[in-house]
Amino acid sequence: MADTHEGPGGAAPPPDDGAVPAAGRDNGWRTEYWKKNLRLMVALLVVWFVVSFGAGILFVEQLNQIVIAGFPLGFWFAQQGSIYTFIVLILIYALRMDRLDDEYGVSERNEDGSRA
Amino acid sequence: MSDIQTWALIFVAASFALYIVIAWRSRVRETKGFFVAEQNIPAVANGAAVAADWMSAASFISMAGLIAFLGSDGSIYLMGWTGGYVLLALLLAPYLRKWGKFTVPEFVGDRFSETVRSVSAVVAIIVSFTYVVGQMSGGGIVFSRFLQVEQAWGVAIAAAVIFAYAVFGGMKGITWTQVAQYTVLIVAYLIPAWAVAQTMTGFPVPQITFGEILAELNRIGAEFGLPVYTEAFTARPQIDVFLVTMSLMIGTAGLPHVIIRFYTTKTVRGARYSALWALIFIGLLYTTAPAVGAFTKLNLLSGVQGAAVDALPSWVQNWMATGLVTVGDGVQTISTISNNPESGADLIINNDILVLASPEIAGLPAPIIGLVAAGGLAAAMSTAAGLLLVISSSASHDLYFRYVDHHASESRRLLVSRIAMGLAVLVAIYFGINPPAFVAQVVAFAFGLAASTFFPILLLGIFWKRANAAGAVSGMLAGLVFTATYMIYTLPVFGTAANDHVLGISPEGIGTIGAVVNLVVTVVVSLLTRPPAHEVQEMVENIRYPAERRTEVTPA
């Protein structure tokens, strides 16, 4: 790795509009990148928990009072809705991480700069 | 030979021929091809391979039947076996791919210590073996019903085909055959489901239309004295549904044969998209399964309700020959039904036949029934092959080369890995023919162990630099001992008496508590001992970023 030494330097200036700051040796970007990754991850996991364990298990009986197209709502979340939500969560994660990787210049590229 | 047999033979023979051709085209010459398919599998193909690897005989053959009898609480399998992919995609797969070696024990070996690696390799082998046995006997059921082949011969034929592509092609052969197997199994699952939805509701999308029949199903179920289908917690208490679902999710994310599939992609980004494709492909079957369960149950109940025993539909006769459907002694008309052989109901139906029999129950034509046979075999074989690879790689790469033969050359390593794979196939054949009586319960064991051993230390290994070897060893052992103890305490399979569940927690759900125990012990012991070496912390730092940073601007 090119920049393995832990730089004690101050935080890198925040990158603006996808441009990468020139301070290549500065590791402040690492903390920032990682924090953004964690924030996205936690937000998605909250949805993951609320839909599957919340709607599908903890509040399933209350939601079952509502019936749509023959499905009691809690039953629908437990047997259908949660799975659709999981797919959407991974999709959002993969797309947002593509953007984040590009923003911080850590996306994987071939020699010619195309996506690897 | 009946029509069904002829069609089953055609589809099974054609699919086997396809797998052999793929095996020949993807044979490998080095260990990187054998263990991680040269790390150049595209994300979509890898997603299909993950899906085939993941969806076992249990998903294809048994799950819809289980749901049909569990009703609403069948959601433990539906959510439990899909929700884990969110955890995999967000928490494990990209980082393990960035670190990029051959096996799961190898990661914990680099991150923690060689002791942890050896413990992990042994646990990986145990977990995978318990799982393989279920696949082999699942394949045997398909052979004995559709081709009227002795179960022993059926297992041997399926194993010979697996042997061909797993031993010669390793991960590369397995991956490309799994892509083909996914195609076979999903087509075989969806076509009858669409057909059944079309006949019963006039619209061929079962996910949407099975809502229409739920009220009818609740009504007819009540006449059989069954619990209300859509009502939650009729099969298990709420706390247990919660814990089992969680245990299956984190067990999924911790199963070695699933994790290693993400080592085969080209990039970290590829690992994320593989997880996405995998869940889309899995979701196709998993959203269909509850509909198949509901439709088939309604068909089944209305077909046999009040019927005289000598006037039962023909599928009952066909399946009675396999011993998986039985009519109680002296029963005149069917008024009770169960999946439990000890219930004393008039008609007893094994969970495993519901999907295989659903086209027959719905009166679909013979070619579709034959296709389902090929699909069931594809599901069993693809999972078995993935598991055999974990067994082979753990035994050769994580144990044999480290303890016995340190300086093996590349060609020798490949040979030893192939021999390990061959031996694993032989052991699997033996247990497939003589399945231990407790297979179903042992699969619960596999998930509980994966949840309480692998998942917590992988998670902490990636997200917490301070986690160290002493913590990981203590955490893993604590999780393992705690989970295994409770399972032995509550399950009768080890020759001990089964005790009552504590607080309504079933042995399937205990993995969740075991994982928490592991997590807490790892954190506490790590904090009480020295932090890991600087190089290790640097390694953890580096797996967080997909590539080295480029300072020049690249077009997005």
# chains A, B, ... in the order shown; residues from 1 in each chain; ligands from 1

call {"tool": "residues_around", "arguments": {"residues": "A:Ala69", "least_positions_apart": "2", "cutoff": "7 Å", "atoms": "only C-alpha atoms", "output": "mmCIF file with N, CA and C atoms, in the first residue's frame"}}
result
data_model
loop_
_atom_site.group_PDB
_atom_site.id
_atom_site.type_symbol
_atom_site.label_atom_id
_atom_site.label_comp_id
_atom_site.auth_asym_id
_atom_site.auth_seq_id
_atom_site.Cartn_x
_atom_site.Cartn_y
_atom_site.Cartn_z
ATOM 1 N N VAL A 67 -56.079 -5.534 6.621
ATOM 2 C CA VAL A 67 -56.008 -6.565 5.573
ATOM 3 C C VAL A 67 -56.001 -5.896 4.205
ATOM 4 N N PHE A 71 -54.286 -10.156 2.285
ATOM 5 C CA PHE A 71 -53.165 -10.384 3.200
ATOM 6 C C PHE A 71 -53.343 -9.590 4.485
ATOM 7 N N GLY B 211 -52.875 -14.113 -1.482
ATOM 8 C CA GLY B 211 -53.692 -13.430 -0.498
ATOM 9 C C GLY B 211 -55.171 -13.788 -0.625
ATOM 10 N N GLU B 212 -55.606 -13.979 -1.897
ATOM 11 C CA GLU B 212 -57.021 -14.252 -2.144
ATOM 12 C C GLU B 212 -57.533 -15.523 -1.487
#

call {"tool": "select_by_dssp", "arguments": {"residues": "stretch 304-542 of chain B", "states": "alpha helix (DSSP H)", "output": "VMD selection string"}}
result
chain B and resid 304 314 to 320 353 to 361 366 to 393 401 to 403 410 to 433 439 to 463 469 to 490 510 to 528 534 to 542

call {"tool": "interface_residues", "arguments": {"of": "chain B", "to": "chain A", "cutoff": "8 Å", "atoms": "only C-alpha atoms", "output": "PDB file with N, CA, C and O atoms, in the first residue's frame"}}
result
ATOM      1  N   SER B  72     -48.341 -18.956   9.631  1.00  0.00           N
ATOM      2  CA  SER B  72     -47.668 -17.664   9.730  1.00  0.00           C
ATOM      3  C   SER B  72     -46.240 -17.788  10.276  1.00  0.00           C
ATOM      4  O   SER B  72     -45.326 -17.089   9.838  1.00  0.00           O
ATOM      5  N   GLY B  74     -44.081 -19.866   9.718  1.00  0.00           N
ATOM      6  CA  GLY B  74     -43.113 -20.271   8.697  1.00  0.00           C
ATOM      7  C   GLY B  74     -42.195 -19.121   8.326  1.00  0.00           C
ATOM      8  O   GLY B  74     -41.153 -19.323   7.696  1.00  0.00           O
ATOM      9  N   SER B  75     -42.574 -17.901   8.724  1.00  0.00           N
ATOM     10  CA  SER B  75     -41.742 -16.731   8.446  1.00  0.00           C
ATOM     11  C   SER B  75     -40.357 -16.834   9.061  1.00  0.00           C
ATOM     12  O   SER B  75     -39.436 -16.164   8.605  1.00  0.00           O
ATOM     13  N   LEU B  78     -38.416 -17.903   6.164  1.00  0.00           N
ATOM     14  CA  LEU B  78     -38.408 -16.936   5.063  1.00  0.00           C
ATOM     15  C   LEU B  78     -37.535 -15.734   5.395  1.00  0.00           C
ATOM     16  O   LEU B  78     -36.671 -15.343   4.614  1.00  0.00           O
ATOM     17  N   MET B  79     -37.728 -15.147   6.578  1.00  0.00           N
ATOM     18  CA  MET B  79     -36.913 -13.989   6.945  1.00  0.00           C
ATOM     19  C   MET B  79     -35.519 -14.428   7.374  1.00  0.00           C
ATOM     20  O   MET B  79     -34.528 -13.798   7.037  1.00  0.00           O
ATOM     21  N   THR B  82     -33.136 -15.138   4.488  1.00  0.00           N
ATOM     22  CA  THR B  82     -32.842 -14.079   3.527  1.00  0.00           C
ATOM     23  C   THR B  82     -32.207 -12.871   4.219  1.00  0.00           C
ATOM     24  O   THR B  82     -31.330 -12.233   3.659  1.00  0.00           O
ATOM     25  N   GLY B  83     -32.661 -12.580   5.437  1.00  0.00           N
ATOM     26  CA  GLY B  83     -32.176 -11.395   6.148  1.00  0.00           C
ATOM     27  C   GLY B  83     -30.681 -11.438   6.395  1.00  0.00           C
ATOM     28  O   GLY B  83     -30.021 -10.398   6.503  1.00  0.00           O
ATOM     29  N   TYR B  85     -28.454 -12.069   4.374  1.00  0.00           N
ATOM     30  CA  TYR B  85     -27.697 -11.498   3.259  1.00  0.00           C
ATOM     31  C   TYR B  85     -27.479 -10.004   3.410  1.00  0.00           C
ATOM     32  O   TYR B  85     -26.503  -9.455   2.905  1.00  0.00           O
ATOM     33  N   VAL B  86     -28.398  -9.330   4.134  1.00  0.00           N
ATOM     34  CA  VAL B  86     -28.178  -7.913   4.412  1.00  0.00           C
ATOM     35  C   VAL B  86     -26.941  -7.792   5.304  1.00  0.00           C
ATOM     36  O   VAL B  86     -26.055  -6.960   5.067  1.00  0.00           O
ATOM     37  N   ALA B  89     -23.828  -8.549   3.180  1.00  0.00           N
ATOM     38  CA  ALA B  89     -23.468  -7.505   2.223  1.00  0.00           C
ATOM     39  C   ALA B  89     -22.897  -6.281   2.922  1.00  0.00           C
ATOM     40  O   ALA B  89     -21.972  -5.645   2.422  1.00  0.00           O
ATOM     41  N   LEU B  90     -23.469  -5.927   4.084  1.00  0.00           N
ATOM     42  CA  LEU B  90     -23.059  -4.693   4.746  1.00  0.00           C
ATOM     43  C   LEU B  90     -21.879  -4.894   5.692  1.00  0.00           C
ATOM     44  O   LEU B  90     -21.083  -3.990   5.897  1.00  0.00           O
ATOM     45  N   GLN B 207     -47.047 -14.669  -5.822  1.00  0.00           N
ATOM     46  CA  GLN B 207     -46.739 -13.737  -4.727  1.00  0.00           C
ATOM     47  C   GLN B 207     -47.896 -12.795  -4.446  1.00  0.00           C
ATOM     48  O   GLN B 207     -48.125 -12.391  -3.308  1.00  0.00           O
ATOM     49  N   GLY B 211     -52.875 -14.113  -1.482  1.00  0.00           N
ATOM     50  CA  GLY B 211     -53.692 -13.430  -0.498  1.00  0.00           C
ATOM     51  C   GLY B 211     -55.171 -13.788  -0.625  1.00  0.00           C
ATOM     52  O   GLY B 211     -55.884 -13.919   0.369  1.00  0.00           O
ATOM     53  N   GLU B 212     -55.606 -13.979  -1.897  1.00  0.00           N
ATOM     54  CA  GLU B 212     -57.021 -14.252  -2.144  1.00  0.00           C
ATOM     55  C   GLU B 212     -57.533 -15.523  -1.487  1.00  0.00           C
ATOM     56  O   GLU B 212     -58.720 -15.640  -1.199  1.00  0.00           O
ATOM     57  N   ILE B 213     -56.629 -16.505  -1.315  1.00  0.00           N
ATOM     58  CA  ILE B 213     -57.125 -17.786  -0.823  1.00  0.00           C
ATOM     59  C   ILE B 213     -56.903 -17.946   0.681  1.00  0.00           C
ATOM     60  O   ILE B 213     -57.265 -18.967   1.263  1.00  0.00           O
ATOM     61  N   LEU B 214     -56.298 -16.928   1.340  1.00  0.00           N
ATOM     62  CA  LEU B 214     -55.962 -17.101   2.756  1.00  0.00           C
ATOM     63  C   LEU B 214     -57.203 -17.279   3.623  1.00  0.00           C
ATOM     64  O   LEU B 214     -57.228 -18.098   4.544  1.00  0.00           O
ATOM     65  N   ALA B 215     -58.261 -16.508   3.305  1.00  0.00           N
ATOM     66  CA  ALA B 215     -59.484 -16.601   4.110  1.00  0.00           C
ATOM     67  C   ALA B 215     -60.087 -18.000   3.988  1.00  0.00           C
ATOM     68  O   ALA B 215     -60.503 -18.620   4.977  1.00  0.00           O
ATOM     69  N   THR B 230     -53.162 -17.723   9.180  1.00  0.00           N
ATOM     70  CA  THR B 230     -52.493 -16.417   9.144  1.00  0.00           C
ATOM     71  C   THR B 230     -52.220 -15.851  10.536  1.00  0.00           C
ATOM     72  O   THR B 230     -51.725 -14.739  10.664  1.00  0.00           O
ATOM     73  N   GLU B 231     -52.564 -16.598  11.572  1.00  0.00           N
ATOM     74  CA  GLU B 231     -52.354 -16.053  12.905  1.00  0.00           C
ATOM     75  C   GLU B 231     -50.932 -16.345  13.393  1.00  0.00           C
ATOM     76  O   GLU B 231     -50.456 -17.483  13.271  1.00  0.00           O
ATOM     77  N   ALA B 232     -50.262 -15.329  13.921  1.00  0.00           N
ATOM     78  CA  ALA B 232     -48.878 -15.490  14.343  1.00  0.00           C
ATOM     79  C   ALA B 232     -48.798 -16.256  15.662  1.00  0.00           C
ATOM     80  O   ALA B 232     -49.741 -16.265  16.453  1.00  0.00           O
ATOM     81  N   GLN B 238     -43.745 -16.029  20.828  1.00  0.00           N
ATOM     82  CA  GLN B 238     -43.151 -14.873  20.170  1.00  0.00           C
ATOM     83  C   GLN B 238     -41.651 -14.751  20.393  1.00  0.00           C
ATOM     84  O   GLN B 238     -40.890 -14.529  19.456  1.00  0.00           O
ATOM     85  N   VAL B 241     -39.866 -17.153  18.141  1.00  0.00           N
ATOM     86  CA  VAL B 241     -39.869 -16.740  16.732  1.00  0.00           C
ATOM     87  C   VAL B 241     -38.788 -15.685  16.515  1.00  0.00           C
ATOM     88  O   VAL B 241     -38.011 -15.747  15.559  1.00  0.00           O
ATOM     89  N   PHE B 242     -38.702 -14.744  17.433  1.00  0.00           N
ATOM     90  CA  PHE B 242     -37.686 -13.689  17.356  1.00  0.00           C
ATOM     91  C   PHE B 242     -36.280 -14.293  17.360  1.00  0.00           C
ATOM     92  O   PHE B 242     -35.450 -14.016  16.496  1.00  0.00           O
ATOM     93  N   LYS B 266     -14.225 -10.532  -8.717  1.00  0.00           N
ATOM     94  CA  LYS B 266     -13.033  -9.807  -9.164  1.00  0.00           C
ATOM     95  C   LYS B 266     -12.653  -8.695  -8.195  1.00  0.00           C
ATOM     96  O   LYS B 266     -11.480  -8.418  -7.988  1.00  0.00           O
ATOM     97  N   THR B 267     -13.658  -8.020  -7.653  1.00  0.00           N
ATOM     98  CA  THR B 267     -13.392  -6.808  -6.873  1.00  0.00           C
ATOM     99  C   THR B 267     -14.249  -6.778  -5.605  1.00  0.00           C
ATOM    100  O   THR B 267     -15.160  -7.589  -5.441  1.00  0.00           O
ATOM    101  N   VAL B 268     -13.943  -5.794  -4.744  1.00  0.00           N
ATOM    102  CA  VAL B 268     -14.766  -5.552  -3.560  1.00  0.00           C
ATOM    103  C   VAL B 268     -16.172  -5.139  -3.986  1.00  0.00           C
ATOM    104  O   VAL B 268     -17.177  -5.611  -3.448  1.00  0.00           O
ATOM    105  N   ARG B 269     -16.210  -4.275  -4.994  1.00  0.00           N
ATOM    106  CA  ARG B 269     -17.497  -3.860  -5.537  1.00  0.00           C
ATOM    107  C   ARG B 269     -18.271  -5.074  -6.038  1.00  0.00           C
ATOM    108  O   ARG B 269     -19.482  -5.187  -5.826  1.00  0.00           O
ATOM    109  N   ARG B 272     -20.095  -6.777  -3.277  1.00  0.00           N
ATOM    110  CA  ARG B 272     -21.362  -6.128  -2.890  1.00  0.00           C
ATOM    111  C   ARG B 272     -22.466  -6.482  -3.872  1.00  0.00           C
ATOM    112  O   ARG B 272     -23.585  -6.840  -3.480  1.00  0.00           O
ATOM    113  N   TYR B 273     -22.159  -6.372  -5.165  1.00  0.00           N
ATOM    114  CA  TYR B 273     -23.188  -6.661  -6.162  1.00  0.00           C
ATOM    115  C   TYR B 273     -23.532  -8.143  -6.216  1.00  0.00           C
ATOM    116  O   TYR B 273     -24.661  -8.505  -6.530  1.00  0.00           O
ATOM    117  N   ALA B 275     -23.782 -10.003  -3.625  1.00  0.00           N
ATOM    118  CA  ALA B 275     -24.754 -10.178  -2.543  1.00  0.00           C
ATOM    119  C   ALA B 275     -26.128  -9.707  -3.015  1.00  0.00           C
ATOM    120  O   ALA B 275     -27.146 -10.346  -2.732  1.00  0.00           O
ATOM    121  N   LEU B 276     -26.139  -8.603  -3.765  1.00  0.00           N
ATOM    122  CA  LEU B 276     -27.411  -8.093  -4.280  1.00  0.00           C
ATOM    123  C   LEU B 276     -28.057  -9.109  -5.228  1.00  0.00           C
ATOM    124  O   LEU B 276     -29.220  -9.481  -5.061  1.00  0.00           O
ATOM    125  N   LEU B 279     -29.348 -12.212  -3.468  1.00  0.00           N
ATOM    126  CA  LEU B 279     -30.617 -12.092  -2.751  1.00  0.00           C
ATOM    127  C   LEU B 279     -31.790 -11.926  -3.715  1.00  0.00           C
ATOM    128  O   LEU B 279     -32.889 -12.399  -3.435  1.00  0.00           O
ATOM    129  N   ILE B 280     -31.559 -11.290  -4.860  1.00  0.00           N
ATOM    130  CA  ILE B 280     -32.627 -11.212  -5.857  1.00  0.00           C
ATOM    131  C   ILE B 280     -32.987 -12.625  -6.325  1.00  0.00           C
ATOM    132  O   ILE B 280     -34.159 -13.017  -6.365  1.00  0.00           O
ATOM    133  N   GLY B 283     -34.572 -14.469  -3.496  1.00  0.00           N
ATOM    134  CA  GLY B 283     -35.883 -13.909  -3.216  1.00  0.00           C
ATOM    135  C   GLY B 283     -36.961 -14.425  -4.179  1.00  0.00           C
ATOM    136  O   GLY B 283     -38.112 -14.598  -3.788  1.00  0.00           O
ATOM    137  N   TYR B 286     -37.866 -17.564  -2.579  1.00  0.00           N
ATOM    138  CA  TYR B 286     -38.370 -17.402  -1.211  1.00  0.00           C
ATOM    139  C   TYR B 286     -39.687 -16.636  -1.139  1.00  0.00           C
ATOM    140  O   TYR B 286     -40.435 -16.804  -0.183  1.00  0.00           O
ATOM    141  N   THR B 287     -39.968 -15.773  -2.115  1.00  0.00           N
ATOM    142  CA  THR B 287     -41.282 -15.129  -2.091  1.00  0.00           C
ATOM    143  C   THR B 287     -42.334 -16.041  -2.716  1.00  0.00           C
ATOM    144  O   THR B 287     -43.522 -15.880  -2.464  1.00  0.00           O
ATOM    145  N   PRO B 290     -43.922 -19.311   0.121  1.00  0.00           N
ATOM    146  CA  PRO B 290     -45.113 -19.252   0.972  1.00  0.00           C
ATOM    147  C   PRO B 290     -46.401 -19.377   0.166  1.00  0.00           C
ATOM    148  O   PRO B 290     -47.394 -19.924   0.665  1.00  0.00           O
ATOM    149  N   GLU B 538      -3.052  -2.526  11.256  1.00  0.00           N
ATOM    150  CA  GLU B 538      -2.881  -1.944   9.935  1.00  0.00           C
ATOM    151  C   GLU B 538      -3.645  -2.764   8.881  1.00  0.00           C
ATOM    152  O   GLU B 538      -4.253  -2.220   7.967  1.00  0.00           O
ATOM    153  N   ARG B 544     -10.610  -1.847   4.936  1.00  0.00           N
ATOM    154  CA  ARG B 544     -11.771  -0.944   4.915  1.00  0.00           C
ATOM    155  C   ARG B 544     -11.894  -0.163   3.630  1.00  0.00           C
ATOM    156  O   ARG B 544     -12.940   0.417   3.347  1.00  0.00           O
ATOM    157  N   TYR B 545     -10.818  -0.087   2.840  1.00  0.00           N
ATOM    158  CA  TYR B 545     -10.863   0.729   1.622  1.00  0.00           C
ATOM    159  C   TYR B 545     -10.674  -0.192   0.427  1.00  0.00           C
ATOM    160  O   TYR B 545      -9.687  -0.915   0.354  1.00  0.00           O
ATOM    161  N   PRO B 546     -11.627  -0.160  -0.521  1.00  0.00           N
ATOM    162  CA  PRO B 546     -11.597  -1.108  -1.644  1.00  0.00           C
ATOM    163  C   PRO B 546     -10.298  -1.046  -2.439  1.00  0.00           C
ATOM    164  O   PRO B 546      -9.811  -2.064  -2.903  1.00  0.00           O
ATOM    165  N   ALA B 547      -9.741   0.140  -2.651  1.00  0.00           N
ATOM    166  CA  ALA B 547      -8.520   0.232  -3.447  1.00  0.00           C
ATOM    167  C   ALA B 547      -7.609   1.279  -2.828  1.00  0.00           C
ATOM    168  O   ALA B 547      -8.027   2.072  -1.993  1.00  0.00           O
ATOM    169  N   GLU B 548      -6.355   1.302  -3.277  1.00  0.00           N
ATOM    170  CA  GLU B 548      -5.465   2.379  -2.870  1.00  0.00           C
ATOM    171  C   GLU B 548      -6.030   3.684  -3.376  1.00  0.00           C
ATOM    172  O   GLU B 548      -6.630   3.739  -4.444  1.00  0.00           O
ATOM    173  N   ARG B 549      -5.753   4.737  -2.629  1.00  0.00           N
ATOM    174  CA  ARG B 549      -6.362   6.002  -3.010  1.00  0.00           C
ATOM    175  C   ARG B 549      -5.626   6.609  -4.206  1.00  0.00           C
ATOM    176  O   ARG B 549      -4.402   6.650  -4.246  1.00  0.00           O
ATOM    177  N   ARG B 550      -6.432   7.049  -5.190  1.00  0.00           N
ATOM    178  CA  ARG B 550      -5.839   7.782  -6.300  1.00  0.00           C
ATOM    179  C   ARG B 550      -6.136   9.244  -6.086  1.00  0.00           C
ATOM    180  O   ARG B 550      -7.238   9.621  -5.717  1.00  0.00           O
ATOM    181  N   THR B 551      -5.158  10.071  -6.328  1.00  0.00           N
ATOM    182  CA  THR B 551      -5.410  11.490  -6.083  1.00  0.00           C
ATOM    183  C   THR B 551      -5.891  12.200  -7.334  1.00  0.00           C
ATOM    184  O   THR B 551      -6.455  13.266  -7.261  1.00  0.00           O
ATOM    185  N   GLU B 552      -5.636  11.603  -8.506  1.00  0.00           N
ATOM    186  CA  GLU B 552      -6.162  12.250  -9.728  1.00  0.00           C
ATOM    187  C   GLU B 552      -7.657  11.962  -9.828  1.00  0.00           C
ATOM    188  O   GLU B 552      -8.143  10.958  -9.313  1.00  0.00           O
ATOM    189  N   VAL B 553      -8.355  12.874 -10.474  1.00  0.00           N
ATOM    190  CA  VAL B 553      -9.804  12.729 -10.573  1.00  0.00           C
ATOM    191  C   VAL B 553     -10.148  11.702 -11.657  1.00  0.00           C
ATOM    192  O   VAL B 553      -9.623  11.755 -12.760  1.00  0.00           O
ATOM    193  N   THR B 554     -11.014  10.749 -11.300  1.00  0.00           N
ATOM    194  CA  THR B 554     -11.437   9.754 -12.289  1.00  0.00           C
ATOM    195  C   THR B 554     -12.882  10.028 -12.646  1.00  0.00           C
ATOM    196  O   THR B 554     -13.673  10.355 -11.765  1.00  0.00           O
ATOM    197  N   PRO B 555     -13.246   9.891 -13.901  1.00  0.00           N
ATOM    198  CA  PRO B 555     -14.660  10.077 -14.254  1.00  0.00           C
ATOM    199  C   PRO B 555     -15.530   9.036 -13.569  1.00  0.00           C
ATOM    200  O   PRO B 555     -15.172   7.861 -13.551  1.00  0.00           O
ATOM    201  N   ALA B 556     -16.616   9.473 -12.992  1.00  0.00           N
ATOM    202  CA  ALA B 556     -17.465   8.554 -12.229  1.00  0.00           C
ATOM    203  C   ALA B 556     -18.236   7.644 -13.154  1.00  0.00           C
ATOM    204  O   ALA B 556     -18.471   7.985 -14.294  1.00  0.00           O
TER     205      ALA B 556
END

call {"tool": "closest_residue", "arguments": {"among": "A:Gly28, A:Ala43, A:Leu73, A:Asp112", "to": "A:Phe59", "atoms": "only C-alpha atoms"}}
result
A:Leu73

call {"tool": "select_by_dssp", "arguments": {"residues": "stretch 334-438 of chain B", "states": "strand (DSSP E)", "output": "list in words"}}
result
Ile337, Ser338, Leu347, Ile348 and Ile349 of chain B

call {"tool": "write_last_selection", "arguments": {"atoms": "all heavy atoms", "output": "CSV table (one decimal), in the first residue's frame"}}
result
chain,number,residue,atom,x,y,z
B,337,ILE,N,-55.5,-34.3,9.6
B,337,ILE,CA,-54.4,-34.3,8.8
B,337,ILE,C,-53.2,-33.7,9.6
B,337,ILE,O,-53.4,-32.8,10.4
B,337,ILE,CB,-54.6,-33.5,7.5
B,337,ILE,CG1,-53.5,-33.8,6.5
B,337,ILE,CG2,-54.8,-32.1,7.7
B,337,ILE,CD1,-53.9,-33.4,5.1
B,338,SER,N,-52.0,-34.3,9.4
B,338,SER,CA,-50.9,-33.7,10.1
B,338,SER,C,-49.6,-34.1,9.4
B,338,SER,O,-49.5,-34.9,8.5
B,338,SER,CB,-50.8,-34.4,11.5
B,338,SER,OG,-49.6,-33.9,12.2
B,347,LEU,N,-54.5,-38.8,8.0
B,347,LEU,CA,-53.6,-38.7,6.9
B,347,LEU,C,-52.3,-38.0,7.4
B,347,LEU,O,-52.4,-36.9,7.9
B,347,LEU,CB,-54.3,-37.9,5.7
B,347,LEU,CG,-53.4,-37.8,4.5
B,347,LEU,CD1,-53.3,-39.2,3.8
B,347,LEU,CD2,-54.1,-36.9,3.5
B,348,ILE,N,-51.2,-38.7,7.2
B,348,ILE,CA,-50.0,-38.1,7.6
B,348,ILE,C,-49.1,-37.8,6.4
B,348,ILE,O,-48.8,-38.7,5.7
B,348,ILE,CB,-49.3,-38.9,8.7
B,348,ILE,CG1,-50.1,-38.9,10.0
B,348,ILE,CG2,-47.9,-38.4,9.0
B,348,ILE,CD1,-49.8,-40.0,10.9
B,349,ILE,N,-48.7,-36.5,6.3
B,349,ILE,CA,-47.9,-36.1,5.1
B,349,ILE,C,-46.6,-35.6,5.6
B,349,ILE,O,-46.5,-34.7,6.4
B,349,ILE,CB,-48.7,-35.0,4.4
B,349,ILE,CG1,-50.1,-35.6,4.0
B,349,ILE,CG2,-47.9,-34.5,3.2
B,349,ILE,CD1,-50.6,-35.1,2.8

call {"tool": "residues_around", "arguments": {"residues": "B:Lys297", "least_positions_apart": "6", "cutoff": "9 Å", "atoms": "only C-alpha atoms", "output": "CSV table (one decimal) with N, CA and C atoms, in the first residue's frame"}}
result
chain,number,residue,atom,x,y,z
B,65,GLY,N,-43.4,-26.9,2.3
B,65,GLY,CA,-44.1,-27.9,3.1
B,65,GLY,C,-44.1,-27.5,4.6
B,68,ALA,N,-46.4,-24.6,5.0
B,68,ALA,CA,-47.8,-25.0,4.9
B,68,ALA,C,-48.3,-25.5,6.2
B,69,PHE,N,-47.4,-26.2,7.0
B,69,PHE,CA,-47.9,-26.8,8.3
B,69,PHE,C,-47.7,-25.8,9.4
B,217,LEU,N,-58.5,-20.7,3.2
B,217,LEU,CA,-57.6,-21.6,3.9
B,217,LEU,C,-57.8,-21.6,5.4
B,354,LEU,N,-44.3,-31.9,-0.2
B,354,LEU,CA,-45.3,-30.9,-0.7
B,354,LEU,C,-44.9,-30.3,-2.0
